[in-house]
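Data file: upload_32.txt. Format and content: compact mmCIF, C-alpha atoms and all ligand atoms.
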```txt
# COMPACT_ATOMS: atom_id res chain seq x y z
CA MET S 14 139.63 140.40 141.34
CA THR S 15 137.13 138.93 138.89
CA GLN S 16 138.71 136.59 136.38
CA LEU S 17 138.50 137.69 132.78
CA LEU S 18 136.83 135.33 130.36
CA THR S 19 138.79 135.10 127.12
CA ILE S 20 137.84 132.80 124.26
CA ALA S 21 140.01 132.09 121.20
CA ILE S 22 138.42 131.01 117.93
CA ASP S 23 140.72 130.24 115.02
CA GLY S 24 140.28 128.75 111.59
CA PRO S 25 140.48 129.36 107.85
CA ALA S 26 138.36 131.70 105.72
CA ALA S 27 134.63 130.93 105.47
CA SER S 28 134.81 128.16 108.09
CA GLY S 29 132.03 129.89 110.03
CA LYS S 30 134.36 131.16 112.75
CA GLY S 31 133.25 134.81 112.43
CA THR S 32 129.55 134.08 112.92
CA ILE S 33 130.33 131.58 115.68
CA ALA S 34 132.56 134.13 117.46
CA ARG S 35 129.87 136.83 117.32
CA ARG S 36 127.21 134.47 118.65
CA ILE S 37 129.52 133.13 121.37
CA ALA S 38 130.30 136.70 122.48
CA ALA S 39 126.57 137.48 122.76
CA ARG S 40 125.92 134.23 124.62
CA TYR S 41 128.63 134.81 127.28
CA GLY S 42 128.18 138.61 127.46
CA LEU S 43 131.66 139.35 126.08
CA ARG S 44 133.06 141.84 123.59
CA HIS S 45 134.13 140.54 120.18
CA LEU S 46 137.10 141.35 117.96
CA ASP S 47 137.38 140.04 114.40
CA THR S 48 141.18 140.22 114.19
CA GLY S 49 141.16 139.64 110.42
CA LEU S 50 139.81 143.18 110.13
CA LEU S 51 143.10 144.57 111.51
CA TYR S 52 145.12 142.86 108.77
CA ARG S 53 142.53 143.82 106.15
CA ALA S 54 142.69 147.47 107.26
CA VAL S 55 146.51 147.49 107.08
CA ALA S 56 146.38 146.07 103.53
CA VAL S 57 143.74 148.56 102.36
CA LEU S 58 145.52 151.56 103.94
CA CYS S 59 148.87 150.53 102.46
CA ALA S 60 147.32 150.10 99.01
CA GLY S 61 145.74 153.55 99.36
CA ASP S 62 149.10 155.11 100.34
CA GLY S 63 150.96 153.38 97.49
CA ILE S 64 152.95 151.17 99.91
CA PRO S 65 153.86 147.83 98.26
CA LEU S 66 152.36 144.99 100.31
CA ALA S 67 155.65 143.07 100.02
CA ASP S 68 157.53 145.86 101.86
CA GLU S 69 157.78 144.56 105.43
CA ARG S 70 159.26 147.71 106.98
CA ALA S 71 156.76 150.15 105.44
CA THR S 72 153.69 147.95 106.03
CA GLY S 73 154.86 147.38 109.62
CA GLU S 74 155.17 151.14 110.18
CA ARG S 75 151.70 151.69 108.75
CA ALA S 76 150.34 148.95 111.04
CA MET S 77 151.78 150.79 114.07
CA ARG S 78 149.68 153.84 113.17
CA LEU S 79 146.40 151.91 112.78
CA ASP S 80 143.47 153.75 114.36
CA PRO S 81 140.26 152.09 115.67
CA ALA S 82 138.29 154.19 113.16
CA ASP S 83 140.23 152.45 110.36
CA LEU S 84 138.29 149.27 111.14
CA GLU S 85 135.06 151.02 110.08
CA ARG S 86 136.29 151.78 106.55
CA ASP S 87 134.41 150.58 103.48
CA GLY S 88 135.85 147.77 101.40
CA LEU S 89 137.48 145.76 104.18
CA ARG S 90 135.30 142.72 103.49
CA SER S 91 136.20 142.47 99.80
CA ALA S 92 138.08 139.50 98.34
CA ALA S 93 140.95 141.83 97.36
CA ALA S 94 141.27 143.10 100.95
CA GLY S 95 141.34 139.47 102.18
CA ARG S 96 144.11 138.58 99.73
CA GLY S 97 146.12 141.67 100.68
CA ALA S 98 145.58 140.94 104.37
CA SER S 99 147.03 137.47 103.94
CA VAL S 100 150.14 138.98 102.27
CA VAL S 101 150.85 141.65 104.94
CA ALA S 102 150.00 139.12 107.69
CA ALA S 103 153.12 137.13 106.74
CA HIS S 104 155.37 140.04 107.84
CA PRO S 105 156.62 139.71 111.44
CA ALA S 106 156.75 143.54 111.74
CA VAL S 107 153.03 143.79 110.93
CA ARG S 108 152.11 140.99 113.34
CA ALA S 109 154.21 142.56 116.13
CA ALA S 110 152.56 145.95 115.58
CA LEU S 111 149.08 144.42 115.99
CA LEU S 112 149.80 142.11 118.93
CA ASP S 113 149.36 144.55 121.84
CA TRP S 114 146.20 145.97 120.30
CA GLN S 115 144.62 142.50 120.32
CA ARG S 116 145.82 141.67 123.83
CA ASP S 117 144.68 145.03 125.25
CA PHE S 118 141.25 144.45 123.75
CA ALA S 119 141.01 141.04 125.44
CA GLN S 120 142.19 142.34 128.83
CA GLU S 121 139.31 144.75 129.37
CA ALA S 122 136.54 143.45 131.66
CA PRO S 123 134.57 141.26 131.30
CA GLY S 124 136.83 139.73 128.62
CA ALA S 125 136.37 138.97 124.98
CA VAL S 126 136.06 136.53 122.13
CA LEU S 127 138.76 137.00 119.48
CA ASP S 128 138.65 135.21 116.17
CA GLY S 129 141.53 134.84 113.71
CA ARG S 130 144.35 132.47 112.81
CA ASP S 131 146.80 132.66 115.75
CA ILE S 132 144.62 133.63 118.70
CA GLY S 133 144.93 130.35 120.61
CA THR S 134 148.61 129.88 119.70
CA VAL S 135 150.12 133.38 120.02
CA VAL S 136 147.73 136.19 120.97
CA LEU S 137 145.92 134.50 123.88
CA PRO S 138 147.69 131.19 124.57
CA LYS S 139 146.08 131.22 128.04
CA ALA S 140 142.52 131.73 126.77
CA ARG S 141 139.99 129.95 128.99
CA ALA S 142 138.44 128.23 125.97
CA LYS S 143 139.75 127.56 122.47
CA LEU S 144 138.18 126.32 119.25
CA PHE S 145 139.63 125.57 115.83
CA VAL S 146 136.78 125.85 113.33
CA THR S 147 137.25 124.34 109.90
CA ALA S 148 135.40 122.89 106.89
CA ASP S 149 136.36 121.34 103.55
CA PRO S 150 137.74 123.92 101.09
CA ASP S 151 135.02 123.32 98.47
CA VAL S 152 132.28 123.86 101.05
CA ARG S 153 133.99 127.04 102.31
CA ALA S 154 134.38 128.28 98.73
CA ALA S 155 130.68 127.62 98.02
CA ARG S 156 129.68 129.61 101.12
CA ARG S 157 131.95 132.51 100.18
CA TRP S 158 130.75 132.38 96.55
CA ARG S 159 127.08 132.61 97.63
CA GLU S 160 127.92 135.67 99.75
CA LEU S 161 130.04 137.46 97.10
CA SER S 162 127.75 136.67 94.16
CA LYS S 163 124.92 138.65 95.79
CA ASP S 164 126.74 141.85 94.79
CA ARG S 165 128.52 140.91 91.57
CA GLU S 166 129.16 138.14 89.09
CA ILE S 167 132.02 135.97 90.24
CA ALA S 168 133.15 132.48 89.18
CA TYR S 169 133.09 129.73 91.82
CA ARG S 170 136.48 128.42 90.63
CA ASP S 171 138.08 131.85 91.26
CA VAL S 172 136.70 131.88 94.80
CA LEU S 173 137.98 128.33 95.41
CA ARG S 174 141.45 129.23 94.08
CA ASP S 175 141.51 132.32 96.29
CA ILE S 176 140.59 130.29 99.38
CA GLU S 177 143.20 127.62 98.61
CA GLU S 178 145.94 130.20 98.04
CA ARG S 179 145.05 132.02 101.25
CA ASP S 180 144.96 128.77 103.29
CA ALA S 181 148.39 127.82 101.94
CA ARG S 182 149.93 131.25 102.67
CA ASP S 183 148.39 131.51 106.16
CA ALA S 184 149.47 127.99 107.13
CA ALA S 185 152.96 128.12 105.59
CA ARG S 186 154.26 131.43 106.98
CA THR S 187 157.00 131.18 109.59
CA ASP S 188 155.59 133.72 112.04
CA ALA S 189 152.39 132.59 113.80
CA PRO S 190 151.12 130.21 111.10
CA MET S 191 147.48 129.17 111.18
CA ARG S 192 147.20 125.97 113.18
CA ARG S 193 145.10 124.32 115.84
CA ALA S 194 146.33 125.43 119.27
CA GLU S 195 147.16 123.00 122.03
CA GLY S 196 143.95 122.40 123.98
CA ALA S 197 141.69 123.68 121.19
CA ASP S 198 138.63 121.61 120.33
CA LEU S 199 138.20 120.94 116.61
CA LEU S 200 134.85 121.93 115.13
CA ASP S 201 134.37 120.76 111.53
CA THR S 202 131.36 122.59 110.09
CA THR S 203 131.45 120.92 106.63
CA THR S 204 128.04 119.26 107.00
CA MET S 205 126.57 121.63 109.60
CA THR S 206 124.13 124.51 109.33
CA ILE S 207 125.30 127.67 111.05
CA GLU S 208 122.75 127.09 113.84
CA GLY S 209 124.07 123.56 114.33
CA ALA S 210 127.64 124.85 114.40
CA VAL S 211 126.83 127.53 117.00
CA THR S 212 125.05 124.97 119.21
CA GLU S 213 128.05 122.63 118.99
CA ALA S 214 130.49 125.50 119.68
CA ILE S 215 128.55 126.43 122.85
CA HIS S 216 128.55 122.79 123.93
CA LEU S 217 132.35 122.50 123.44
CA ILE S 218 133.09 125.80 125.19
CA ASP S 219 130.79 125.00 128.13
CA GLY S 220 132.72 121.73 128.45
CA GLN S 221 136.10 123.52 128.48
CA LEU S 222 134.91 126.14 130.99
CA ALA S 223 133.59 123.42 133.30
CA GLY S 224 136.72 121.29 132.98
O1 LIG S 301 139.67 136.13 108.82
P1 LIG S 301 139.91 137.01 107.58
O2 LIG S 301 139.55 136.33 106.29
O3 LIG S 301 139.26 138.35 107.69
O4 LIG S 301 141.51 137.26 107.57
C1 LIG S 301 142.16 137.91 106.52
C2 LIG S 301 143.63 137.53 106.51
O5 LIG S 301 144.28 138.12 107.65
C3 LIG S 301 143.92 136.05 106.60
O6 LIG S 301 144.02 135.45 105.31
C4 LIG S 301 145.23 135.97 107.35
C5 LIG S 301 145.25 137.24 108.18
N1 LIG S 301 145.01 137.00 109.61
C6 LIG S 301 146.07 136.56 110.36
O7 LIG S 301 147.14 136.30 109.83
N2 LIG S 301 145.92 136.41 111.71
C7 LIG S 301 144.75 136.66 112.31
N3 LIG S 301 144.64 136.51 113.64
C8 LIG S 301 143.63 137.08 111.54
C9 LIG S 301 143.79 137.22 110.18
```

Kindly return the structure encoded in the file as structure tokens.
Amino acid sequence: MTQLLTIAIDGPAASGKGTIARRIAARYGLRHLDTGLLYRAVAVLCAGDGIPLADERATGERAMRLDPADLERDGLRSAAAGRGASVVAAHPAVRAALLDWQRDFAQEAPGAVLDGRDIGTVVLPKARAKLFVTADPDVRAARRWRELSKDREIAYRDVLRDIEERDARDAARTDAPMRRAEGADLLDTTTMTIEGAVTEAIHLIDGQLAG
């Protein structure tokens, strides 16, 4: 039986983990799942159905009925969807509903790169390679602000506050908090270009796969 190659990439918002995960998937010929999209879709669907995001039971039930097509919906990348995602992601019922989906995705040949907050700790603790990608909050906020201000006027301080609130909620929750997994290499992209970060990520992963 050929061994599956699974790679876990975790880290906070705008750390560069999404771009790194996509590029790593292309480099190793793997499929890629941005797991944040699952939580974003649950938040957007609940808001559309009038389900309060604080209602664990109802949001958990909605998460159980998530369909792959829901990940293609418009609006999932908005700041509001990210905030809502961070709120529903604190509910154990929502996390439990999305766990098998993520694991099933990773178990299909030839394997996959998953990026999120708890991939190396909970979803794929036995991943063959793990990275925790981070950067200083002000640098992450500046990156996110540049992206969002292409479409509309938005204040940098609001983006920074949003990032700080999200970091705090994602790291403080009891169920699967965001943290560096055992065995994960730390990649701090604060002073790196995205090309430099991808090169370093490949270097670290090649090292883990060889080790
Ligand atoms: O990576 P992102 O910004 O799209 O994630 C949105 C929110 O979803 C994030 O603030 C926390 C939650 N999330 C999570 O709890 N676990 C994951 N594996 C991925 C995302």

Expected axis-aligned box over every listed atom of ligand LIG 301 (chain S), 8 Å added per side, centre plus edges in Å to one decimal, as lines of an AutoDock Vina configuration file:
```
center_x = 143.2
center_y = 136.9
center_z = 109.5
size_x = 23.9
size_y = 18.9
size_z = 24.3
```

Q. Which polymer residues have any atom within 9 Å of an atom of Asp175 (chain S), counting all atoms listed in the file, with same-chain residues fewer than 6 positions away left out, as number ranges by chain?
A. S: 92, 96, 154

Q) Could you state the separation of CA of Ala168 (chain S) and CA of Ala93 (chain S) in Å, given to one decimal place? A) 14.7 Å

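Separating CA of Asp171 (chain S) from CA of Asp151 (chain S) is a distance of 11.6 Å.
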
Q: Measuring atom to atom with all atoms listed in the file, identify which of S:Arg108, S:Arg192, S:Arg165, S:Arg44 is nearest to Ala125 (chain S).
A: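 That would be S:Arg44, the residue with the smallest distance to Ala125 (chain S).
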
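Note that CA of Leu199 (chain S) and CA of Ala109 (chain S) are 26.9 Å apart.
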
Q | Ref. answer, residues at most 6 Å from (144.2, 125.0, 119.3) with only C-alpha atoms, as a VMD selection string | A | chain S and resid 133 145 193 to 197

Q. What lies within 10 Å of Arg156 (chain S) using all atoms listed in the file, ignoring chain neighbours under 6 positions off, as a ChimeraX atom specification?
A. /S:27-29,150,169,172

Q | Environment of ligand LIG 301 (chain S) within 8 Å, counting all atoms listed in the file, reported as a PyMOL selection string | A | chain S and resi 23-27+31+47-53+90+94-103+108+128-132+136+179-180+182-183+189-191

Can you pull out every residue within 12 Å of His216 (chain S), counting only C-alpha atoms, but drop anything in the same chain fewer than 6 positions away, and send it as a JSON list (two decimals) with C-alpha atoms, keeping the file's coordinate frame?
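As written to disk, around-v3.json reads:
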```json
[["chain", "number", "residue", "atom", "x", "y", "z"],
["S", 37, "ILE", "CA", 129.52, 133.13, 121.37],
["S", 40, "ARG", "CA", 125.92, 134.23, 124.62],
["S", 142, "ALA", "CA", 138.44, 128.23, 125.97],
["S", 144, "LEU", "CA", 138.18, 126.32, 119.25],
["S", 198, "ASP", "CA", 138.63, 121.61, 120.33],
["S", 200, "LEU", "CA", 134.85, 121.93, 115.13],
["S", 209, "GLY", "CA", 124.07, 123.56, 114.33],
["S", 210, "ALA", "CA", 127.64, 124.85, 114.40],
["S", 222, "LEU", "CA", 134.91, 126.14, 130.99],
["S", 223, "ALA", "CA", 133.59, 123.42, 133.30]]
```

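Comparing S:Val57, S:Ala76, S:Asp68, S:Pro105 by their smallest distance to Thr187 (chain S), the closest is S:Pro105 (using only C-alpha atoms).
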
Q. Out of S:Leu46, S:Leu137, S:Val146, S:Leu17, which residue has the shortest atom-to-atom distance to Asp201 (chain S) when counting all atoms listed in the file?
A.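 The answer is S:Val146, which sits nearest to Asp201 (chain S).
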
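The nearest approach to Lys30 (chain S) among the residues S:Arg75, S:Pro138, S:Leu161, S:His45, with all atoms listed in the file taken into account, belongs to S:His45.
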
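Checking S:Arg174, S:Leu217, S:Ala155, S:Val211 one by one against Ala39 (chain S), counting only C-alpha atoms, you find the shortest gap at S:Val211.
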
(Q) I'd like the contact shell of Glu213 (chain S) - 10 Å cut-off, all atoms listed in the file, skipping same-chain residues fewer than 6 positions apart - returned as a list in words. (A)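 Result of the neighbour search: Ile33, Leu200, Asp201, Thr202, Met205, Ile207 and Asp219 of chain S.
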